[in-house]
Each structure stands twice: as C-alpha cells, then as structure tokens.
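Peer 1: I'd like to ask you about the structure that follows.
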Amino acid sequence: GAGVSQSPSNKVTEKGKDVELRCDPISGHTALYWYRQSLGQGLEFLIYFQGNSAPDKSGLPSDRFSAERTGGSVSTLTIQRTQQEDSAVYLCASSLMPRANTGELFFGEGSRLTVL
Amino acid sequence: KQEVTQIPAALSVPEGENLVLNCSFTDSAIYNLQWFRQDPGKGLTSLLLIQSSQREQTSGRLNASLDKSSGRSTLYIAASQPGDSATYLCAVFNGANSKLTFGKGITLSVRP
C-alpha cells in the first residue's frame, strides 16, 4: 500500500500474555518510529530505527518492551508479560532519512491494545 | 529536554470563524516543526511541515508560522468548518537525536 500499515488494529489480551504489534512502513522509508498514546496523554516516544539499527531505545518503558526491524522494512514491537498500564494505542511512523530530506513523518492508523 | 506545550487543551468556535492554534517549545535547536490532525480513533495526518529555515507554510485554508528564536508556532485556520473538528498536534523534530516531540494537542470543535 501507499501508506504506513499497522496490524492488528485492535488487540485485547489478558494480563501476563505477550503481544506482538507489526508495522509496515512506506516503501523506501529508512527511518521508522514507534510511539505510544495513552488515554488523555500525549504521544510518548518509544524507539527509533534507522535502517535495521535502533540508535535510540531510551523511550522503551521497561525491559518487557522490545522492538526489531528486519530487511530495513517491517518492524515488530513486542510486549512481554503485559500489564494493564500497557493499554494504549501504539502508533508507527516512517520517514525518509531525516537529515537528507524534510524529515516529514507519516503515521499509520495505530494498534489499540487493551490489557484486561 | 525538549518540551512542547499547546494551550488551551480544547477550543469551541462557531462555523466560519478564523482561529489560531498556538504551540510553544523550549529548545530552539529544531530541524523542523510539523502540525498534525488526529480524528477520534484514527492515526495522525500531517498537515504542514515548516523547516527551521522557513517562517511559514500554507496549504488551502491552513497557514502555519514558525518563530524559532522565541520557540513558537501558530496554526491559522481560515473560515472554519464543522469538518475541521479534530485534535491538532504540534511536533518539533530535533535533528541531533532524530526525535519528534509532541505537544498534547488542542481539541477543536467547530459548531454549525
């Protein structure tokens, strides 16, 4: 597709289970970002990839959160042993190399995670 | 640490009114500034991007300005319509760390 694609769009899980969220960026975009948006809160930066490497993991809330990107394309965000406070919308965005272009970010529709 | 502030959190105006949404940021060493729109339950749609060397950008009824030295940006919406009702977020991009920092957004309601 032409835009950033995220799946699943909705995920309901039980506390303690692991979840995987997937992001398929715009073709050719080398930079990929994960953000979290909790109810009533702003967007919280989680992690940024340039190609397959993550120069900045400082936003990951705990060691239960991990992310990887393969082939410079698809990324997965994994949350282990989910807690109720993990409930949020997880948004993915992509852009061309920031310093070589405008740095404009394009967002997907998000994955809404509910932990019961 | 970059902080982005958008005040007020919510705004209600009658249809047809011209309005200004404000955004302020603490670290002026930015690469660019983006304004986004978010409809309920949806992702973010990019409206306008202003590079650090630019003063303003226009798209249709929207005009965004940037005053980097004072750490401020405004989004001007002309002749507002009910379809403009949404949350508008401002975000600044720090090229040094490739991080986009968001404000909490302004929820706009345009009354018919």
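Following the order of the structure tokens, chains are lettered A, B, ..., residues in each are numbered from 1, and ligands are numbered from 1.
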Check the DSSP output for the backbone and give back, as a PyMOL selection string, the residues of chain A in strand (DSSP E or B).

Peer 2: chain A and resi 5-7+10-13+19-24+31-37+43-50+53-56+65-69+75-79+88-95+106-107+111-115

Peer 1: Excluding A:Leu60 and any residue of its chain fewer than 6 positions from it, enumerate the residues within 12 Å of it, using only C-alpha atoms, and give them as a VMD selection string.

Peer 2: chain A and resid 33 to 36 44 to 48 54 66 to 67 77 to 79 86

Peer 1: For those residues, write C-alpha atoms to a file as a short mmCIF file (atom, residue, chain, number, x, y, z; two decimals), in the first residue's frame.

Peer 2:
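Contents of the output file selection14.cif:
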```cif
data_model
loop_
_atom_site.label_atom_id
_atom_site.label_comp_id
_atom_site.auth_asym_id
_atom_site.auth_seq_id
_atom_site.Cartn_x
_atom_site.Cartn_y
_atom_site.Cartn_z
CA TYR A 33 9.38 5.27 14.78
CA TRP A 34 7.16 3.77 17.46
CA TYR A 35 5.04 6.00 19.69
CA ARG A 36 2.50 5.24 22.38
CA GLU A 44 5.19 9.15 24.04
CA PHE A 45 8.31 8.27 22.01
CA LEU A 46 9.31 4.63 22.35
CA ILE A 47 12.03 3.78 19.83
CA TYR A 48 13.51 4.88 16.52
CA ALA A 54 17.99 1.42 16.75
CA SER A 66 11.46 -4.78 22.74
CA ALA A 67 11.44 -3.98 19.05
CA LEU A 77 7.10 -4.22 18.78
CA THR A 78 6.88 -6.96 21.40
CA ILE A 79 5.47 -6.51 24.87
CA ASP A 86 0.33 -1.08 28.79
#
```

Peer 1: Taking only C-alpha atoms into account, what are the residues of chain B at most 7 Å from chain A, put as a ChimeraX atom specification?

Peer 2: /B:42-46,49,95,98,102-104

Peer 1: Excluding A:Ser5 and any residue of its chain fewer than 2 positions from it, enumerate the residues within 8 Å of it, using only C-alpha atoms, and give them as a list in words.

Peer 2: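 In the requested form, the answer reads Gly1, Gly3, Ser7, Cys23, Asp24, Pro25, Gly108 and Glu109 of chain A.
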
Peer 1: Just write the chosen residues, all heavy atoms, as a short mmCIF file (atom, residue, chain, number, x, y, z; two decimals), in the first residue's frame.

Peer 2:
```cif
data_model
loop_
_atom_site.label_atom_id
_atom_site.label_comp_id
_atom_site.auth_asym_id
_atom_site.auth_seq_id
_atom_site.Cartn_x
_atom_site.Cartn_y
_atom_site.Cartn_z
N GLY A 1 0.82 -1.21 0.00
CA GLY A 1 0.00 0.00 0.00
C GLY A 1 0.85 1.25 0.00
O GLY A 1 2.05 1.21 0.22
N GLY A 3 0.55 3.80 2.17
CA GLY A 3 0.79 4.39 3.48
C GLY A 3 1.43 3.42 4.44
O GLY A 3 1.81 2.30 4.08
N SER A 7 -0.68 -3.64 12.12
CA SER A 7 -1.59 -4.73 12.49
C SER A 7 -1.18 -5.33 13.82
O SER A 7 0.01 -5.30 14.18
CB SER A 7 -1.59 -5.80 11.40
OG SER A 7 -0.30 -6.38 11.25
N CYS A 23 4.44 -3.26 12.12
CA CYS A 23 4.39 -2.03 11.34
C CYS A 23 5.08 -2.25 10.00
O CYS A 23 6.22 -2.72 9.95
CB CYS A 23 5.09 -0.90 12.08
SG CYS A 23 5.23 0.63 11.11
N ASP A 24 4.38 -1.89 8.94
CA ASP A 24 4.92 -1.98 7.58
C ASP A 24 5.04 -0.55 7.06
O ASP A 24 4.03 0.09 6.76
CB ASP A 24 3.97 -2.79 6.71
CG ASP A 24 4.67 -3.45 5.55
OD1 ASP A 24 5.73 -2.93 5.14
OD2 ASP A 24 4.17 -4.47 5.05
N PRO A 25 6.27 -0.01 6.97
CA PRO A 25 6.41 1.40 6.62
C PRO A 25 6.19 1.64 5.12
O PRO A 25 6.06 0.70 4.34
CB PRO A 25 7.85 1.70 7.01
CG PRO A 25 8.56 0.40 6.80
CD PRO A 25 7.56 -0.67 7.19
N GLY A 108 0.83 5.53 10.68
CA GLY A 108 -0.20 4.53 10.45
C GLY A 108 -1.41 4.84 11.32
O GLY A 108 -1.43 5.81 12.08
N GLU A 109 -2.43 3.96 11.21
CA GLU A 109 -3.67 4.16 11.95
C GLU A 109 -3.56 3.70 13.41
O GLU A 109 -4.44 3.98 14.21
CB GLU A 109 -4.82 3.41 11.28
CG GLU A 109 -5.19 3.96 9.92
CD GLU A 109 -5.93 5.27 10.03
OE1 GLU A 109 -7.05 5.28 10.59
OE2 GLU A 109 -5.42 6.30 9.55
#
```

Peer 1: Between A:Leu32, A:Asn52, A:Arg69, A:Gln80, single out the one closest to B:Leu100, counting only C-alpha atoms.

Peer 2: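 Closest candidate: A:Leu32.
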
Peer 1: Write out as a PyMOL selection string which residues come within 12 Å of stretch 10-14 of chain B when counting only C-alpha atoms, dropping same-chain ones fewer than 2 positions away.

Peer 2: chain B and resi 6-8+16-22+77+79-82+84-89+104-112

Peer 1: I need the chosen residues saved as a compact mmCIF listing (two decimals), in the first residue's frame, with N, CA, C and O atoms.

Peer 2:
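Result saved to selection-v4.txt:
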```txt
# COMPACT_ATOMS: atom_id res chain seq x y z
N GLN B 6 0.89 23.06 24.23
CA GLN B 6 -0.23 23.58 23.44
C GLN B 6 -1.34 23.98 24.41
O GLN B 6 -1.84 23.15 25.16
N ILE B 7 -1.69 25.24 24.35
CA ILE B 7 -2.73 25.78 25.22
C ILE B 7 -3.68 26.63 24.37
O ILE B 7 -3.21 27.41 23.54
N PRO B 8 -5.02 26.50 24.54
CA PRO B 8 -5.69 25.65 25.54
C PRO B 8 -5.77 24.20 25.07
O PRO B 8 -5.45 23.90 23.93
N GLY B 16 -17.27 29.28 10.49
CA GLY B 16 -16.95 30.50 9.75
C GLY B 16 -15.89 31.36 10.42
O GLY B 16 -15.31 32.25 9.78
N GLU B 17 -15.62 31.09 11.67
CA GLU B 17 -14.64 31.91 12.39
C GLU B 17 -13.22 31.56 11.96
O GLU B 17 -12.90 30.40 11.71
N ASN B 18 -12.37 32.59 11.90
CA ASN B 18 -10.93 32.37 11.71
C ASN B 18 -10.32 32.12 13.09
O ASN B 18 -10.70 32.77 14.07
N LEU B 19 -9.41 31.18 13.19
CA LEU B 19 -8.85 30.89 14.50
C LEU B 19 -7.36 30.56 14.42
O LEU B 19 -6.83 30.22 13.36
N VAL B 20 -6.73 30.71 15.58
CA VAL B 20 -5.29 30.48 15.70
C VAL B 20 -5.03 29.48 16.81
O VAL B 20 -5.53 29.65 17.93
N LEU B 21 -4.29 28.45 16.49
CA LEU B 21 -3.85 27.46 17.49
C LEU B 21 -2.38 27.70 17.79
O LEU B 21 -1.58 27.86 16.86
N ASN B 22 -2.04 27.72 19.06
CA ASN B 22 -0.68 28.05 19.47
C ASN B 22 0.12 26.84 19.91
O ASN B 22 -0.43 25.87 20.46
N ILE B 77 -6.33 28.78 10.96
CA ILE B 77 -7.37 28.12 10.15
C ILE B 77 -8.37 29.19 9.74
O ILE B 77 -9.01 29.83 10.60
N ALA B 79 -11.82 30.57 7.98
CA ALA B 79 -13.21 30.19 7.67
C ALA B 79 -13.51 28.76 8.13
O ALA B 79 -13.81 27.89 7.31
N SER B 80 -13.40 28.54 9.42
CA SER B 80 -13.51 27.19 9.97
C SER B 80 -14.85 26.53 9.60
O SER B 80 -15.89 27.19 9.46
N GLN B 81 -14.78 25.20 9.46
CA GLN B 81 -15.94 24.38 9.09
C GLN B 81 -16.12 23.25 10.10
O GLN B 81 -15.14 22.84 10.73
N PRO B 82 -17.33 22.72 10.24
CA PRO B 82 -17.51 21.59 11.17
C PRO B 82 -16.56 20.43 10.89
O PRO B 82 -16.13 19.74 11.82
N ASP B 84 -13.59 20.57 10.27
CA ASP B 84 -12.27 20.85 10.86
C ASP B 84 -12.19 20.35 12.30
O ASP B 84 -11.11 20.38 12.91
N SER B 85 -13.29 19.92 12.85
CA SER B 85 -13.31 19.42 14.23
C SER B 85 -12.41 18.19 14.34
O SER B 85 -12.61 17.19 13.65
N ALA B 86 -11.43 18.29 15.21
CA ALA B 86 -10.42 17.23 15.39
C ALA B 86 -9.45 17.71 16.46
O ALA B 86 -9.57 18.81 16.99
N THR B 87 -8.47 16.86 16.76
CA THR B 87 -7.37 17.27 17.64
C THR B 87 -6.18 17.64 16.78
O THR B 87 -5.81 16.90 15.87
N TYR B 88 -5.59 18.79 17.07
CA TYR B 88 -4.46 19.29 16.30
C TYR B 88 -3.22 19.22 17.18
O TYR B 88 -3.19 19.77 18.28
N LEU B 89 -2.21 18.52 16.67
CA LEU B 89 -0.98 18.33 17.43
C LEU B 89 0.18 19.01 16.73
O LEU B 89 0.32 18.96 15.51
N LYS B 104 0.50 17.98 23.61
CA LYS B 104 -0.64 17.13 23.95
C LYS B 104 -1.84 17.38 23.06
O LYS B 104 -2.84 16.66 23.14
N GLY B 105 -1.76 18.41 22.24
CA GLY B 105 -2.82 18.65 21.27
C GLY B 105 -3.89 19.60 21.76
O GLY B 105 -4.06 19.84 22.96
N ILE B 106 -4.58 20.17 20.79
CA ILE B 106 -5.73 21.04 21.06
C ILE B 106 -6.92 20.40 20.36
O ILE B 106 -6.89 20.17 19.14
N THR B 107 -7.97 20.10 21.15
CA THR B 107 -9.18 19.50 20.57
C THR B 107 -10.11 20.62 20.15
O THR B 107 -10.60 21.38 20.99
N LEU B 108 -10.32 20.72 18.85
CA LEU B 108 -11.12 21.79 18.26
C LEU B 108 -12.50 21.28 17.91
O LEU B 108 -12.65 20.22 17.30
N SER B 109 -13.50 22.04 18.30
CA SER B 109 -14.88 21.75 17.92
C SER B 109 -15.43 22.97 17.19
O SER B 109 -15.44 24.08 17.74
N VAL B 110 -15.88 22.77 15.95
CA VAL B 110 -16.48 23.85 15.17
C VAL B 110 -17.98 23.61 15.11
O VAL B 110 -18.44 22.62 14.53
N ARG B 111 -18.73 24.51 15.70
CA ARG B 111 -20.19 24.35 15.81
C ARG B 111 -20.88 24.86 14.55
O ARG B 111 -20.58 25.95 14.08
N PRO B 112 -21.82 24.06 14.01
CA PRO B 112 -22.53 24.51 12.79
C PRO B 112 -23.39 25.74 13.07
O PRO B 112 -23.83 25.96 14.19
```

Peer 1: Give me, please, the distance in Å between atom CA of B:Leu75 and atom CA of B:Ser52, quoted to one decimal.

Peer 2: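 Atom-to-atom, atom CA of B:Leu75 to atom CA of B:Ser52, that is 15.7 Å.
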
Peer 1: Do a neighbour search on stretch 25-30 of chain B at 12 Å with only C-alpha atoms, toss out local chain neighbours closer than 6 positions, and write the hits as an MDAnalysis selection string.

Peer 2: (chainID A and resid 99 103) or (chainID B and resid 1:7 50:54 66:74 90:103)

Peer 1: Taking only C-alpha atoms into account, name the residue in A:Ser94, A:Gln84, A:Gln6, A:Ser62 that is nearest to A:Gly28.

Peer 2: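 Among the listed residues, A:Ser94 lies closest to A:Gly28.
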
Peer 1: Taking 5 positions as the minimum chain separation for residues in the same chain, which residues sit within 9 Å of A:His29 when counting only C-alpha atoms? Answer as an NGL selection string.

Peer 2: :A and (51 or 72-73 or 94-97)

Peer 1: So the first atom is atom CA of A:Ser9 and the second is atom CA of A:Ser87; what is the distance between them in Å, to one decimal place?

Peer 2: 13.4 Å
